[in-house]
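Enquirer: mmCIF, C-alpha atoms, file input_8.cif:
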data_data
loop_
_atom_site.label_atom_id
_atom_site.label_comp_id
_atom_site.auth_asym_id
_atom_site.auth_seq_id
_atom_site.Cartn_x
_atom_site.Cartn_y
_atom_site.Cartn_z
CA ALA A 1040 30.92 11.75 -10.68
CA VAL A 1041 28.41 10.94 -13.38
CA VAL A 1042 24.94 9.98 -12.18
CA SER A 1043 23.24 7.17 -14.08
CA THR A 1044 19.62 7.90 -14.98
CA GLN A 1045 18.84 4.34 -16.05
CA SER A 1046 16.10 2.69 -14.05
CA THR A 1047 16.78 -0.54 -12.28
CA GLY A 1048 14.22 -3.35 -12.41
CA LYS A 1049 13.36 -2.82 -8.75
CA GLU A 1050 12.81 0.90 -9.29
CA VAL A 1051 10.51 0.31 -12.27
CA ARG A 1052 8.47 -2.19 -10.23
CA VAL A 1053 8.13 0.29 -7.38
CA LYS A 1054 7.05 3.03 -9.78
CA ILE A 1055 4.38 0.77 -11.30
CA VAL A 1056 3.03 -0.13 -7.87
CA LEU A 1057 3.16 3.53 -6.87
CA GLY A 1058 1.07 4.52 -9.89
CA TYR A 1059 -1.38 1.66 -9.37
CA SER A 1060 -1.88 2.47 -5.69
CA ALA A 1061 -2.30 6.19 -6.42
CA LEU A 1062 -4.95 5.40 -9.04
CA SER A 1063 -6.64 2.99 -6.66
CA THR A 1064 -6.69 5.67 -3.97
CA LEU A 1065 -8.58 8.00 -6.30
CA LEU A 1066 -11.03 5.25 -7.29
CA HIS A 1067 -11.67 4.33 -3.64
CA VAL A 1068 -12.30 7.96 -2.69
CA SER A 1069 -14.70 8.45 -5.58
CA ALA A 1070 -16.55 5.25 -4.63
CA ALA A 1071 -16.78 6.44 -1.02
CA VAL A 1072 -18.31 9.72 -2.16
CA VAL A 1073 -20.78 8.01 -4.49
CA PHE A 1074 -21.91 5.43 -1.93
CA GLY A 1075 -22.14 8.03 0.82
CA VAL A 1076 -23.76 10.91 -1.03
CA LYS A 1077 -25.82 9.31 -3.78
CA PHE A 1078 -26.92 6.03 -2.19
CA GLN A 1079 -26.66 6.89 1.55
CA LEU A 1080 -24.88 3.55 2.14
CA TYR A 1081 -22.51 4.77 4.83
CA THR A 1082 -21.08 1.40 5.81
CA ILE A 1083 -19.97 0.69 2.25
CA ALA A 1084 -18.70 4.27 1.90
CA MET A 1085 -16.67 3.84 5.09
CA TRP A 1086 -15.03 0.65 3.82
CA ALA A 1087 -14.26 2.32 0.48
CA ALA A 1088 -12.62 5.18 2.39
CA ILE A 1089 -10.63 2.74 4.53
CA GLY A 1090 -9.45 1.03 1.34
CA ALA A 1091 -8.38 4.45 0.06
CA LEU A 1092 -6.35 4.99 3.22
CA TYR A 1093 -4.59 1.66 2.83
CA ALA A 1094 -3.86 2.31 -0.86
CA LEU A 1095 -2.59 5.78 0.05
CA SER A 1096 -0.36 4.24 2.72
CA VAL A 1097 1.14 1.91 0.12
CA SER A 1098 1.72 4.92 -2.16
CA VAL A 1099 3.45 6.86 0.60
CA LEU A 1100 5.56 3.86 1.59
CA HIS A 1101 6.77 3.33 -1.98
CA GLY A 1102 7.27 7.06 -2.49
CA LEU A 1103 9.54 7.17 0.56
CA ALA A 1104 11.46 4.18 -0.76
CA LEU A 1105 11.93 5.86 -4.14
CA ARG A 1106 13.22 8.99 -2.47
CA ASN A 1107 15.62 6.92 -0.36
CA GLN A 1108 14.09 8.18 2.86
CA PHE A 1109 14.96 4.94 4.63
CA ARG A 1110 18.73 4.89 4.07
CA PRO A 1111 20.30 8.32 4.58
CA ASN A 1112 19.50 8.72 8.28
CA PRO A 1113 19.19 5.52 10.33
CA ASN A 1114 17.73 7.55 13.21
CA SER A 1115 14.91 8.83 11.01
CA ILE A 1116 11.41 8.50 12.43
CA VAL A 1117 10.28 6.92 9.15
CA ILE A 1118 12.33 3.78 9.82
CA HIS A 1119 10.98 3.49 13.36
CA LEU A 1120 7.38 3.85 12.15
CA LEU A 1121 7.61 0.73 9.99
CA PRO A 1122 6.74 -1.68 12.86
CA ALA A 1123 3.70 0.47 13.68
CA ILE A 1124 2.65 0.30 10.03
CA LEU A 1125 2.96 -3.49 10.28
CA LEU A 1126 0.58 -3.48 13.24
CA VAL A 1127 -1.95 -1.29 11.42
CA ALA A 1128 -1.77 -3.58 8.40
CA VAL A 1129 -2.36 -6.70 10.53
CA LEU A 1130 -5.36 -5.07 12.23
CA GLY A 1131 -6.67 -4.05 8.81
CA MET A 1132 -6.36 -7.60 7.53
CA ILE A 1133 -8.24 -8.99 10.54
CA PHE A 1134 -11.10 -6.49 10.34
CA SER A 1135 -11.31 -6.64 6.54
CA LEU A 1136 -11.47 -10.42 6.59
CA GLY A 1137 -14.23 -10.18 9.19
CA VAL A 1138 -16.22 -7.74 7.06
CA THR A 1139 -15.73 -9.90 3.97
CA VAL A 1140 -16.98 -13.02 5.71
CA TYR A 1141 -19.82 -11.12 7.41
CA GLY A 1142 -20.99 -9.54 4.14
CA LEU A 1143 -20.91 -12.86 2.33
CA ALA A 1144 -22.67 -14.76 5.11
CA LYS A 1145 -25.33 -12.07 5.55
CA ALA A 1146 -26.00 -11.84 1.80
CA ILE A 1147 -26.31 -15.62 1.50
CA SER A 1148 -28.55 -15.95 4.56
CA LEU A 1149 -30.87 -13.16 3.34
CA LYS A 1150 -30.79 -14.56 -0.23
CA GLU A 1151 -30.01 -11.12 -1.62
CA GLY A 1152 -29.46 -10.43 -5.28
CA LEU A 1153 -26.71 -8.32 -6.75
CA ASP A 1154 -28.08 -4.91 -5.86
CA VAL A 1155 -26.37 -1.66 -4.87
CA SER A 1156 -27.57 -2.03 -1.29
CA SER A 1157 -26.80 -5.75 -1.00
CA HIS A 1158 -24.31 -7.19 1.43
CA TYR A 1159 -22.35 -8.58 -1.53
CA ILE A 1160 -21.14 -5.03 -2.20
CA LEU A 1161 -19.95 -4.79 1.41
CA CYS A 1162 -18.17 -8.11 0.88
CA VAL A 1163 -16.39 -6.74 -2.21
CA TRP A 1164 -15.20 -3.59 -0.44
CA GLY A 1165 -14.09 -5.63 2.55
CA PHE A 1166 -12.08 -7.83 0.21
CA LEU A 1167 -10.50 -4.78 -1.47
CA CYS A 1168 -9.50 -3.47 1.96
CA LEU A 1169 -8.09 -6.91 2.74
CA LYS A 1170 -6.04 -6.79 -0.46
CA TRP A 1171 -4.56 -3.37 0.28
CA SER A 1172 -3.93 -4.09 3.97
CA TYR A 1173 -2.17 -7.34 3.03
CA TYR A 1174 -0.08 -5.50 0.43
CA LEU A 1175 0.78 -2.82 3.01
CA PHE A 1176 1.80 -5.57 5.45
CA GLN A 1177 3.91 -7.32 2.83
CA GLN A 1178 5.72 -4.18 1.71
CA SER A 1179 6.27 -2.71 5.17
CA ARG A 1180 7.69 -6.07 6.29
CA HIS A 1181 10.00 -6.02 3.27
CA TYR A 1182 11.16 -2.46 3.96
CA THR A 1183 11.53 -3.18 7.67
CA SER A 1184 13.82 -6.14 7.02
CA SER A 1185 15.71 -4.36 4.24
CA PHE A 1186 16.24 -0.93 5.73
CA HIS A 1187 16.03 -1.20 9.49
CA PRO A 1188 19.37 -0.15 11.06
CA ASP A 1189 19.37 -3.20 13.35
CA SER A 1190 18.86 -5.61 10.48
CA GLU A 1191 21.84 -7.85 9.75
CA ASP A 1192 20.95 -8.33 6.09
CA ALA A 1193 20.18 -4.68 5.40
CA ALA A 1194 20.61 -4.02 1.72
CA PRO A 1195 20.60 -0.51 0.29
CA PHE A 1196 17.85 0.42 -2.12
CA VAL A 1197 19.89 2.00 -4.89
CA ILE A 1198 17.97 4.42 -7.05
CA GLN A 1199 20.82 6.07 -8.88
CA GLU A 1200 24.19 4.54 -9.45
CA VAL A 1201 27.19 6.79 -9.30
CA LEU A 1202 29.54 5.93 -12.12
CA PRO A 1203 33.25 6.70 -11.94
CA GLU A 1204 34.37 9.78 -13.79
CA GLU A 1205 36.02 9.26 -17.12
CA GLU A 1206 39.54 10.52 -17.36
CA GLU A 1207 40.16 13.13 -19.98
CA ILE A 1208 42.84 12.29 -22.50
CA SER A 1209 44.95 15.27 -23.31
#
So, in terms of structure tokens, how does the structure I just supplied come out?

Expert:
Amino acid sequence: AVVSTQSTGKEVRVKIVLGYSALSTLLHVSAAVVFGVKFQLYTIAMWAAIGALYALSVSVLHGLALRNQFRPNPNSIVIHLLPAILLVAVLGMIFSLGVTVYGLAKAISLKEGLDVSSHYILCVWGFLCLKWSYYLFQQSRHYTSSFHPDSEDAAPFVIQEVLPEEEEIS
């Protein structure tokens, strides 16, 4: 059998998101180090690190999908962890939304300016965590419905198509 190396549209999209989330993980980690070490703003550093964890989770989830870790073995622990990932993503959305609203309300009530130590910065990092936790929720829900062995509409995520062999003409 000949293996096709052409990328499908879905695979290209997953690779783009994988690269974006990996880059975002690095940026979140560097921001956590800067806010923690240079500015001693540990709350903001913590939320930057939490955002890095959510972006890393999205990277791992898409990496597993690219490697077809969901399909080959329906009894795999990866498939059964998807509902737990959904729960973590929902909790992240709730707490991140709370931090975003708290940071905005506190900054407005104290009439703070745009400063490194202002609550507006906490609001921004809370919103970034909200973005990544929502994206993790969305993608884990998609993979749960697509790849779960109990799903009725389970559709395989085809990375490489196997083409029929060409017959030799003698």

Enquirer: What is the distance between CA of Leu1092 (chain A) and CA of His1067 (chain A), in Å to one decimal?

Expert: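 Between CA of Leu1092 (chain A) and CA of His1067 (chain A) the gap is 8.7 Å.
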
Enquirer: Let me make sure I understand: among A:Gly1075, A:Val1097, A:Tyr1173, A:Tyr1159, which one has the smallest atom-to-atom distance to Lys1054 (chain A) if we use only C-alpha atoms?

Expert: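 Ranking A:Gly1075, A:Val1097, A:Tyr1173, A:Tyr1159 by distance to Lys1054 (chain A), first place goes to A:Val1097.
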
Enquirer: Which residue is closest to Leu1136 (chain A)? Choose from A:Ala1070, A:Cys1162, A:Leu1121, A:Ala1061 and count only C-alpha atoms.

Expert: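 For Leu1136 (chain A), the nearest of the candidates is A:Cys1162.
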
Enquirer: Please report as CSV every residue of region 1054-1117 of chain A lying within 9 Å of region 1174-1178 of chain A, along with the nearest atom pair and their distance in Å (one decimal), using only C-alpha atoms.

Expert:
residue,atom,partner,partner_atom,distance
A:Tyr1093,CA,A:Leu1175,CA,7.0
A:Ala1094,CA,A:Leu1175,CA,7.9
A:Ser1096,CA,A:Leu1175,CA,7.2
A:Val1097,CA,A:Leu1175,CA,5.6
A:Leu1100,CA,A:Gln1178,CA,8.0
A:His1101,CA,A:Gln1178,CA,8.4

Enquirer: I'd like the interatomic distance between CA of Ser1156 (chain A) and CA of Leu1080 (chain A), to a tenth of an Å.

Expert: 7.1 Å

Enquirer: Hey, can you check how far CA of Leu1095 (chain A) sits from CA of Val1072 (chain A)?

Expert: 16.4 Å

Enquirer: Within 7 Å of (-4.2, 3.2, -4.4) (coordinates as in the file), grab all the protein and nucleic acid residues, counting all atoms listed in the file, and write them out as number ranges by chain.

Expert: A: 1059-1065, 1091, 1094-1095, 1098

Enquirer: Quick one: apply the PyMOL selection byres ((chain A and resi 1142) around 9) to the file and drop the selected residues here as a list in words.

Expert: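 Selected by the PyMOL selection byres ((chain A and resi 1142) around 9) here: Gly1137, Val1138, Thr1139, Val1140, Tyr1141, Leu1143, Ala1144, Lys1145, Ala1146, Ile1147, Ser1157, His1158, Tyr1159, Ile1160, Leu1161, Cys1162, Val1163 and Gly1165 of chain A.
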
Enquirer: Determine the residue membership of the PyMOL selection byres ((chain A and resi 1128) around 8) for the file above and supply it as a VMD selection string.

Expert: chain A and resid 1124 to 1127 1129 to 1132 1172 to 1173 1175 to 1176

Enquirer: Compare A:Trp1164, A:Tyr1182, A:Trp1171, A:Phe1134 by their minimum atom-to-atom distance to Met1085 (chain A), counting only C-alpha atoms, and give me the closest one.

Expert: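 Comparing A:Trp1164, A:Tyr1182, A:Trp1171, A:Phe1134 against Met1085 (chain A), the winner is A:Trp1164.
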
Enquirer: Check the smallest atom-to-atom distance from each of A:Leu1057, A:Leu1167, A:Leu1153, A:Ile1118 to Ser1185 (chain A) using all atoms listed in the file, then report the winner.

Expert: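 Selected residue with least distance to Ser1185 (chain A): A:Ile1118.
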
Enquirer: Once 8 Å is added on each side, what centre and edge lengths in Å to one decimal does the axis-aligned box around all listed atoms of region 1064-1077 of chain A have, as AutoDock Vina command-line options?

Expert:
--center_x -16.3 --center_y 7.6 --center_z -3.2 --size_x 35.1 --size_y 22.6 --size_z 24.1

Enquirer: Of the candidates A:Ile1089, A:Ser1148, A:Lys1077, A:Arg1106, which one gets nearest to Lys1170 (chain A) if we count only C-alpha atoms?

Expert: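 Counting only C-alpha atoms, the residue closest to Lys1170 (chain A) is A:Ile1089.
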
Enquirer: Taking all atoms listed in the file into account, name the residue in A:Glu1151, A:Ala1071, A:Ala1087, A:Leu1105 that is nearest to Ile1055 (chain A).

Expert: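 The shortest atom-to-atom distance to Ile1055 (chain A) comes from A:Leu1105.
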